[in-house]
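Here's the structure we're looking at; comments come further down.
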Amino acid sequence: MEKGSHSSSTTLARTKSDQLVETLAAAFKSARQSDRQTPPGTSESGGTLSRKSSKRVMMGASPRRSSGENNNTYIRKSRSAQMKLDLEELSSGAALSRASSASLGLSFSFTGFTVPPDEIADSKPFSDDDIPEDVEARTCKMKFQTEPTLPIYLKFTDVTYKVIIKGMTSCEERDILNGITGAVNPGEVLALMGPSGSGKTTLLNLLGGRLIQSTVGGSITYNDQPYSKFLKSRIGFVTEDDVLFPHLTVEETLMYAARLRLPKVLTRQQKEKRAVDVIYELGLERCQDTMIGGSFVRGVSGGERKRVCIGNEIIINPSLLFLDEPTSGLDSTTALRTIQTLQDIAEVGKTVITTIHQPSSRLFHKFDKLILLGKEFLLDLANGNLTDISVPSELEDKVQMENSETETGNGKPPPAVVHEYLVEAYESRVADTEKKKLMAPLPLDDELKSKVSSSKRQWGASWWQQYCILFCRGIKERKHDYFSWLRITQVLSTAIILGLLWWQSDSKTIRGRQDQAGWLFFIAVFWGFFPVFTAIFTFPQERAMLGKERAADMYRLSAYFLARTTSDLPLDLILPVLFLLVVYFMAGLRLSASHFFLSMLTVFLCIVAAQGLGLAIGATLMDLKRATTLASVTVMTFMLAGGYFVKKVPVFISWIRYMSFNYHTYKLLLKVQYQDIMPTVNGIKTDSGLKEVGALVAMIFGYRFLAYLSLRKMQLHCEA
């Protein structure tokens, strides 16, 4: 309905897009009546850091809070793909807001409008009392910690971001963000809205310090200071995808996060108590002993998973909390409860910024400020898509006065005319006012400002503590995969088949020794092939988790790498022991403890060396398809050069066999079995085998060092 009309009442049943279009249309109206009487119950003061009840009067795209009696409407322009509404003061028209369209080359903003007194009753939004209790949360109102936190005022001015698209013969720069400007203060929730591909996540990553590249322009300040590594310990960042370990329980997930991220000055008991407090704050107590779950593991519900992700971040009492699509995939009730959680978090003085795709009116009223981003789409009016919406009378008059021929076939003005109108409106009404607001000094002393400029990282645990925590977490997470019935059945069935085929082979005859040599070579190949293709998946699968936790400075990369590689060793040893216990005695090999344990040690060296190769390939390529292809070719080459199929290898390619762990493992196994029996077996001297042991040890450390360098290079590339 027209905002100037009093013929009907607005209802909350209208869609969000209708409300925005009507709001924009109202902003274009001229000669509004001034000094309307403020309705009873509205606030006479501007927005403050503290939140009031959401029962305050709102209308259309109005905020949860209302203030003042100034009902001026503004329009502004910049060079961005943004529209920003200050929802805090939107209903009174005193709000700061801006918008733009990169495709049109303009930006504009509007503040709001004054609600006629006779329309207030029907426009009252849902209050907190109207929100149904969330069954998953088990509580209507969650209370969050009120311990002191460093207040951070976030400002961003003319933020730009470009990506370089490399073609076959040329490179092209493409604008993702263009001239975004805004601010958000402690106690406020800022929502970034827009269609898919509009740059919401990119802007969120820029503001959160997750995207630092040379193609970023503009200014982003935290308490008037640039981004520093100190802020990593003051920022919580919840990604759109729920990046969690599926086999850990809710309690274990938050316990490990607390032990890694909370300050060193706290004891382990204090950190674990903080994790328990977060569990109850988020209403997760009923599922705290349930595994998180994943694609193939049943676990908690979607809403509970999202709250666990939020708990992972608020556990450090952050000053800034960023969330990327926190309501994605949730039902309306759970989404409402999630946004209510963000509102409660902001109430205790934290700054909250979230992206959201298509909120309902109930969610929309929970935000204090709003930024709308768009590339090809911002609003129908801004892009000139005026087929099914009303056009402001001021714009219609402008078109009729200038040239009636400029109208399109449906009687609406073309996009170029809309563009020109919005640019002029912005320049004349609000540009100077908003610039002054952004330049206003912050209510902070120099000491608080200087705290965020420290370049020193703040680790929550020492290197050794990080290693121990990650080691224990790794064993708990991966023991389910290592001891699955499928893997145990695979190993034991292979051992039984081998034992039956080589049942009580005779080492005294030439034919018997040849059969045993074939058996030993198969052992070298099997326990070389198996670990490679298990280890390949390690870093590509954990890349998202590693990137998330390293971005938050949860631990040092060296502590993670060493814990990740050593936590597999106890698990890797158990299945080979079971395998050899079955097959060794069935095949009739030398029955002595020394020969058995030396054979076990040889197989273990082969496994660890092969595992290092898999780690190096996976960390270098970080792509499972390419890594699997390269590993297949490499393992096949090592197997063929292993000394069993070809005894005399050409000189120009003979160097490959010295890089093959299959070759050195095969020679060691032969020497263990026949060292005291005969000087040579199948052309291989049965000496002490120290060279082969040295070669395998060099592979163990060499491949892992290559994997670590690859991870370090990836990390430096992400931070560049």
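In the structure tokens, chains take letters A, B, ... by order of appearance, with residues numbered from 1 within each chain and ligands from 1 in the order shown.
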
Distance query Met639 in chain A at most 12 Å, only C-alpha atoms, self and fewer than 5 positions along chain excluded, as a ChimeraX atom specification: /A:521-529,631-634,644-646,656-666

Those residues you just picked out, can you put them in a file as an mmCIF file, in the first residue's frame with N, CA, C and O atoms?
```cif
data_model
loop_
_atom_site.group_PDB
_atom_site.id
_atom_site.type_symbol
_atom_site.label_atom_id
_atom_site.label_comp_id
_atom_site.auth_asym_id
_atom_site.auth_seq_id
_atom_site.Cartn_x
_atom_site.Cartn_y
_atom_site.Cartn_z
ATOM 1 N N PHE A 521 57.340 -60.530 -0.686
ATOM 2 C CA PHE A 521 57.161 -59.369 -1.566
ATOM 3 C C PHE A 521 55.715 -58.870 -1.514
ATOM 4 O O PHE A 521 55.467 -57.659 -1.526
ATOM 5 N N PHE A 522 54.752 -59.794 -1.423
ATOM 6 C CA PHE A 522 53.356 -59.360 -1.309
ATOM 7 C C PHE A 522 53.139 -58.586 -0.018
ATOM 8 O O PHE A 522 52.400 -57.593 -0.002
ATOM 9 N N ILE A 523 53.790 -59.019 1.080
ATOM 10 C CA ILE A 523 53.669 -58.287 2.343
ATOM 11 C C ILE A 523 54.186 -56.864 2.170
ATOM 12 O O ILE A 523 53.568 -55.887 2.637
ATOM 13 N N ALA A 524 55.334 -56.730 1.486
ATOM 14 C CA ALA A 524 55.916 -55.401 1.274
ATOM 15 C C ALA A 524 54.999 -54.530 0.427
ATOM 16 O O ALA A 524 54.873 -53.318 0.670
ATOM 17 N N VAL A 525 54.342 -55.129 -0.570
ATOM 18 C CA VAL A 525 53.448 -54.360 -1.445
ATOM 19 C C VAL A 525 52.149 -54.005 -0.717
ATOM 20 O O VAL A 525 51.680 -52.856 -0.773
ATOM 21 N N PHE A 526 51.568 -54.983 -0.015
ATOM 22 C CA PHE A 526 50.280 -54.754 0.648
ATOM 23 C C PHE A 526 50.391 -53.671 1.713
ATOM 24 O O PHE A 526 49.565 -52.751 1.775
ATOM 25 N N TRP A 527 51.421 -53.769 2.568
ATOM 26 C CA TRP A 527 51.572 -52.780 3.632
ATOM 27 C C TRP A 527 52.309 -51.530 3.158
ATOM 28 O O TRP A 527 52.629 -50.655 3.963
ATOM 29 N N GLY A 528 52.556 -51.423 1.879
ATOM 30 C CA GLY A 528 52.975 -50.167 1.280
ATOM 31 C C GLY A 528 51.822 -49.482 0.576
ATOM 32 O O GLY A 528 51.664 -48.252 0.645
ATOM 33 N N PHE A 529 50.991 -50.279 -0.070
ATOM 34 C CA PHE A 529 49.841 -49.743 -0.805
ATOM 35 C C PHE A 529 48.750 -49.249 0.148
ATOM 36 O O PHE A 529 48.208 -48.157 -0.015
ATOM 37 N N ALA A 631 49.239 -40.957 -6.752
ATOM 38 C CA ALA A 631 49.636 -42.038 -5.848
ATOM 39 C C ALA A 631 49.576 -43.393 -6.556
ATOM 40 O O ALA A 631 50.445 -44.252 -6.333
ATOM 41 N N SER A 632 48.584 -43.594 -7.401
ATOM 42 C CA SER A 632 48.470 -44.872 -8.128
ATOM 43 C C SER A 632 49.678 -45.100 -9.024
ATOM 44 O O SER A 632 50.264 -46.191 -9.044
ATOM 45 N N VAL A 633 50.058 -44.076 -9.762
ATOM 46 C CA VAL A 633 51.218 -44.194 -10.648
ATOM 47 C C VAL A 633 52.491 -44.412 -9.849
ATOM 48 O O VAL A 633 53.344 -45.245 -10.200
ATOM 49 N N THR A 634 52.638 -43.670 -8.737
ATOM 50 C CA THR A 634 53.850 -43.773 -7.918
ATOM 51 C C THR A 634 53.977 -45.151 -7.277
ATOM 52 O O THR A 634 55.053 -45.785 -7.330
ATOM 53 N N TYR A 644 61.472 -57.737 -7.419
ATOM 54 C CA TYR A 644 60.927 -59.091 -7.544
ATOM 55 C C TYR A 644 60.605 -59.429 -9.001
ATOM 56 O O TYR A 644 60.962 -60.496 -9.490
ATOM 57 N N PHE A 645 59.944 -58.508 -9.686
ATOM 58 C CA PHE A 645 59.556 -58.777 -11.064
ATOM 59 C C PHE A 645 60.743 -58.635 -12.027
ATOM 60 O O PHE A 645 60.873 -59.407 -12.967
ATOM 61 N N VAL A 646 61.580 -57.631 -11.808
ATOM 62 C CA VAL A 646 62.716 -57.367 -12.684
ATOM 63 C C VAL A 646 63.984 -57.368 -11.843
ATOM 64 O O VAL A 646 64.126 -56.552 -10.924
ATOM 65 N N ILE A 656 65.231 -45.452 -9.565
ATOM 66 C CA ILE A 656 63.865 -45.449 -9.025
ATOM 67 C C ILE A 656 63.737 -46.445 -7.874
ATOM 68 O O ILE A 656 63.052 -46.181 -6.884
ATOM 69 N N ARG A 657 64.431 -47.595 -8.000
ATOM 70 C CA ARG A 657 64.253 -48.621 -6.974
ATOM 71 C C ARG A 657 64.774 -48.163 -5.613
ATOM 72 O O ARG A 657 64.283 -48.607 -4.575
ATOM 73 N N TYR A 658 65.739 -47.253 -5.597
ATOM 74 C CA TYR A 658 66.265 -46.774 -4.323
ATOM 75 C C TYR A 658 65.303 -45.787 -3.639
ATOM 76 O O TYR A 658 65.452 -45.499 -2.457
ATOM 77 N N MET A 659 64.341 -45.284 -4.379
ATOM 78 C CA MET A 659 63.301 -44.438 -3.799
ATOM 79 C C MET A 659 62.074 -45.240 -3.399
ATOM 80 O O MET A 659 61.123 -44.699 -2.844
ATOM 81 N N SER A 660 62.090 -46.560 -3.709
ATOM 82 C CA SER A 660 60.926 -47.408 -3.466
ATOM 83 C C SER A 660 61.005 -48.034 -2.080
ATOM 84 O O SER A 660 61.953 -48.773 -1.772
ATOM 85 N N PHE A 661 60.018 -47.755 -1.233
ATOM 86 C CA PHE A 661 59.970 -48.403 0.078
ATOM 87 C C PHE A 661 59.652 -49.881 -0.068
ATOM 88 O O PHE A 661 60.009 -50.689 0.806
ATOM 89 N N ASN A 662 58.994 -50.272 -1.162
ATOM 90 C CA ASN A 662 58.747 -51.695 -1.405
ATOM 91 C C ASN A 662 60.066 -52.458 -1.576
ATOM 92 O O ASN A 662 60.234 -53.572 -1.056
ATOM 93 N N TYR A 663 60.993 -51.850 -2.293
ATOM 94 C CA TYR A 663 62.293 -52.482 -2.553
ATOM 95 C C TYR A 663 63.063 -52.700 -1.258
ATOM 96 O O TYR A 663 63.566 -53.801 -0.995
ATOM 97 N N HIS A 664 63.145 -51.682 -0.431
ATOM 98 C CA HIS A 664 63.907 -51.804 0.817
ATOM 99 C C HIS A 664 63.199 -52.720 1.809
ATOM 100 O O HIS A 664 63.862 -53.471 2.549
ATOM 101 N N THR A 665 61.882 -52.704 1.843
ATOM 102 C CA THR A 665 61.148 -53.600 2.746
ATOM 103 C C THR A 665 61.314 -55.053 2.324
ATOM 104 O O THR A 665 61.524 -55.949 3.173
ATOM 105 N N TYR A 666 61.250 -55.290 1.034
ATOM 106 C CA TYR A 666 61.417 -56.658 0.514
ATOM 107 C C TYR A 666 62.802 -57.201 0.854
ATOM 108 O O TYR A 666 62.949 -58.352 1.303
#
```

Run DSSP on the backbone and give me the residues of range 206-303 of chain A it puts in alpha helix (DSSP H), as a compact mmCIF listing (two decimals) with C-alpha atoms, in the first residue's frame.
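Final output, part.txt:
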```txt
# COMPACT_ATOMS: atom_id res chain seq x y z
CA LEU A 206 37.28 -9.01 4.85
CA LEU A 207 35.78 -7.54 8.01
CA VAL A 250 29.23 -32.07 21.86
CA GLU A 251 30.96 -31.92 25.23
CA GLU A 252 34.30 -33.13 23.84
CA THR A 253 34.16 -30.60 21.00
CA LEU A 254 33.69 -27.66 23.35
CA MET A 255 36.15 -29.03 25.92
CA TYR A 256 38.96 -29.22 23.37
CA ALA A 257 38.10 -25.75 22.07
CA ALA A 258 38.24 -24.35 25.61
CA ARG A 259 41.57 -25.99 26.40
CA LEU A 260 43.13 -24.70 23.18
CA ARG A 261 41.67 -21.20 22.99
CA ARG A 268 42.37 -26.85 32.99
CA GLN A 269 39.48 -27.09 35.47
CA GLN A 270 38.53 -23.45 34.86
CA LYS A 271 38.61 -23.96 31.10
CA GLU A 272 36.45 -27.07 31.31
CA LYS A 273 33.99 -25.25 33.57
CA ARG A 274 33.70 -22.52 30.93
CA ALA A 275 32.87 -25.19 28.34
CA VAL A 276 30.13 -26.58 30.60
CA ASP A 277 28.73 -23.07 31.08
CA VAL A 278 28.51 -22.58 27.31
CA ILE A 279 26.71 -25.91 26.96
CA TYR A 280 24.00 -24.71 29.33
CA GLU A 281 23.92 -21.19 27.89
CA GLY A 302 20.93 -29.26 12.50
CA GLY A 303 20.00 -26.63 15.04
```

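Residues in contact with Phe705 in chain A at up to 12 Å, not including ones fewer than 4 positions away on its chain and judged by only C-alpha atoms, are Ser558, Phe561, Leu562, Thr565, Ala609, Gly612, Leu613, Leu615, Ala616, Ile617, Ala619, Thr620, Ala698, Met699, Ile700, Phe701, Leu709, Ser710, Leu711 and Arg712 of chain A.
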
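From CA of Phe596 in chain A back to CA of Ser493 in chain A, the distance works out to 20.5 Å.
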
field: Non-local contacts of Tyr227 in chain A (9 Å; only C-alpha atoms; under 4 positions in same chain excluded) as number ranges by chain
entry: A: 208-209, 220-222, 231, 452-453

Now that the selection is made, can you save its residues with C-alpha atoms as a PDB file, in the first residue's frame?
```
ATOM      1  CA  GLY A 208      36.853 -10.597  10.018  1.00  0.00           C
ATOM      2  CA  GLY A 209      40.457 -10.439   8.808  1.00  0.00           C
ATOM      3  CA  ILE A 220      38.732  -1.257   7.766  1.00  0.00           C
ATOM      4  CA  THR A 221      39.431  -0.192  11.337  1.00  0.00           C
ATOM      5  CA  TYR A 222      38.853  -1.684  14.761  1.00  0.00           C
ATOM      6  CA  LEU A 231      42.498  -9.487  17.069  1.00  0.00           C
ATOM      7  CA  VAL A 452      43.964  -3.837  19.322  1.00  0.00           C
ATOM      8  CA  SER A 453      47.130  -2.708  17.524  1.00  0.00           C
TER       9      SER A 453
END
```
